[in-house]
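Taking it in order: structure first as structure tokens, then the write-up.
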Amino acid sequence: MLGDFNAKVGKEMNNRLVAGKYTLHNETNGNGIRLCQFEEMNNLLISSTIHEHKKIHKGTWKGPA
């Protein structure tokens with residue numbers, strides 16, 4: 001299993017080959033871009049973004065700011 005590496009994958013159209021439209025974030029960060037590139041090069045999908053989930057189930061724990 002591959003970790004998330006603090007990647008944020010957004011809803012941009014250029015991510016649609018590897019990520020579905022049900023992502024939590026609007027914009028992809030640098031680690032998200034690298035994750036999408038890795039997924040595309042290896043013919044993989046980010047399966048948690050393919051099907052709609054309740055918003056409460058999409059995120060992970062966030063520490064205090």
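Chain identifiers are assigned as A, B, and so on, following the order in which chains appear in the structure tokens; residues are numbered from 1 within each chain, and ligands are numbered from 1 in order of appearance.
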If we count only C-alpha atoms and set the cut-off at 10 Å, which residues sit around Met41 (chain A), ignoring sequence neighbours fewer than 5 positions away in its own chain? Please answer as a PDB file with N, CA and C atoms, in the first residue's frame.
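Contents of the output file out15.pdb:
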ATOM      1  N   VAL A  18      -6.686   9.757 -13.482  1.00  0.00           N
ATOM      2  CA  VAL A  18      -6.316   8.951 -12.316  1.00  0.00           C
ATOM      3  C   VAL A  18      -7.223   9.195 -11.126  1.00  0.00           C
ATOM      4  N   LEU A  35       1.829  12.558  -7.087  1.00  0.00           N
ATOM      5  CA  LEU A  35       1.035  11.338  -6.923  1.00  0.00           C
ATOM      6  C   LEU A  35       0.260  11.022  -8.209  1.00  0.00           C
ATOM      7  N   CYS A  36      -0.354  12.022  -8.816  1.00  0.00           N
ATOM      8  CA  CYS A  36      -1.106  11.806 -10.064  1.00  0.00           C
ATOM      9  C   CYS A  36      -0.178  11.345 -11.185  1.00  0.00           C
TER      10      CYS A  36
END
Query raised in the report: Between A:Asn29, A:Gly63, A:Arg34, A:Thr23, which has the minimum distance to Ser47 (chain A) (counting only C-alpha atoms)?
Result: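 Among the listed residues, the smallest separation from Ser47 (chain A) belongs to A:Thr23.
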Report task. Enter the distance from CA of Ala7 (chain A) to CA of Lys62 (chain A), in Å, rounded to one decimal. Result -> 13.5 Å
Taking the chain letters and numbering used in this document, name the residues of chain A that DSSP puts in alpha helix (DSSP H), as a compact mmCIF listing (two decimals) with C-alpha atoms, in the first residue's frame.
# COMPACT_ATOMS: atom_id res chain seq x y z
CA GLY A 30 2.81 19.69 -5.35
CA ASN A 31 2.65 16.26 -3.73
CA GLY A 32 -0.73 15.68 -5.35
CA ILE A 33 0.75 16.43 -8.76
CA ARG A 34 3.55 13.93 -8.13
CA LEU A 35 1.03 11.34 -6.92
CA CYS A 36 -1.11 11.81 -10.06
CA GLN A 37 1.98 11.49 -12.27
CA PHE A 38 2.98 8.26 -10.49
CA GLU A 39 -0.56 6.88 -10.82
CA GLU A 40 -0.69 7.73 -14.53
CA MET A 41 2.75 6.24 -15.28
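Shortest atom-to-atom contact with Asn43 (chain A) among A:Leu17, A:Glu27, A:Lys11, A:Asn6: A:Leu17, counting only C-alpha atoms.
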Report summary line: Computed gap from CA of Lys54 (chain A) to CA of Asn15 (chain A) is 20.9 Å
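Going from CA of Asn42 (chain A) to CA of Lys55 (chain A) covers 28.3 Å.
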Report task. Fewer than 6 positions away in the same chain doesn't count, so skip those; otherwise give me all residues within 9 Å of His51 (chain A), counting only C-alpha atoms, as a PyMOL selection string. Result -> chain A and resi 20-22
Selection file, N, CA and C atoms, as a PDB file, in the first residue's frame:
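out.pdb written:
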ATOM      1  N   GLY A  20     -11.183  10.530  -9.721  1.00  0.00           N
ATOM      2  CA  GLY A  20     -12.563  10.813 -10.082  1.00  0.00           C
ATOM      3  C   GLY A  20     -12.943  12.235  -9.727  1.00  0.00           C
ATOM      4  N   LYS A  21     -14.212  12.541  -9.866  1.00  0.00           N
ATOM      5  CA  LYS A  21     -14.662  13.905  -9.615  1.00  0.00           C
ATOM      6  C   LYS A  21     -15.037  14.139  -8.155  1.00  0.00           C
ATOM      7  N   TYR A  22     -14.930  13.127  -7.310  1.00  0.00           N
ATOM      8  CA  TYR A  22     -15.335  13.255  -5.919  1.00  0.00           C
ATOM      9  C   TYR A  22     -14.130  13.418  -4.991  1.00  0.00           C
TER      10      TYR A  22
END
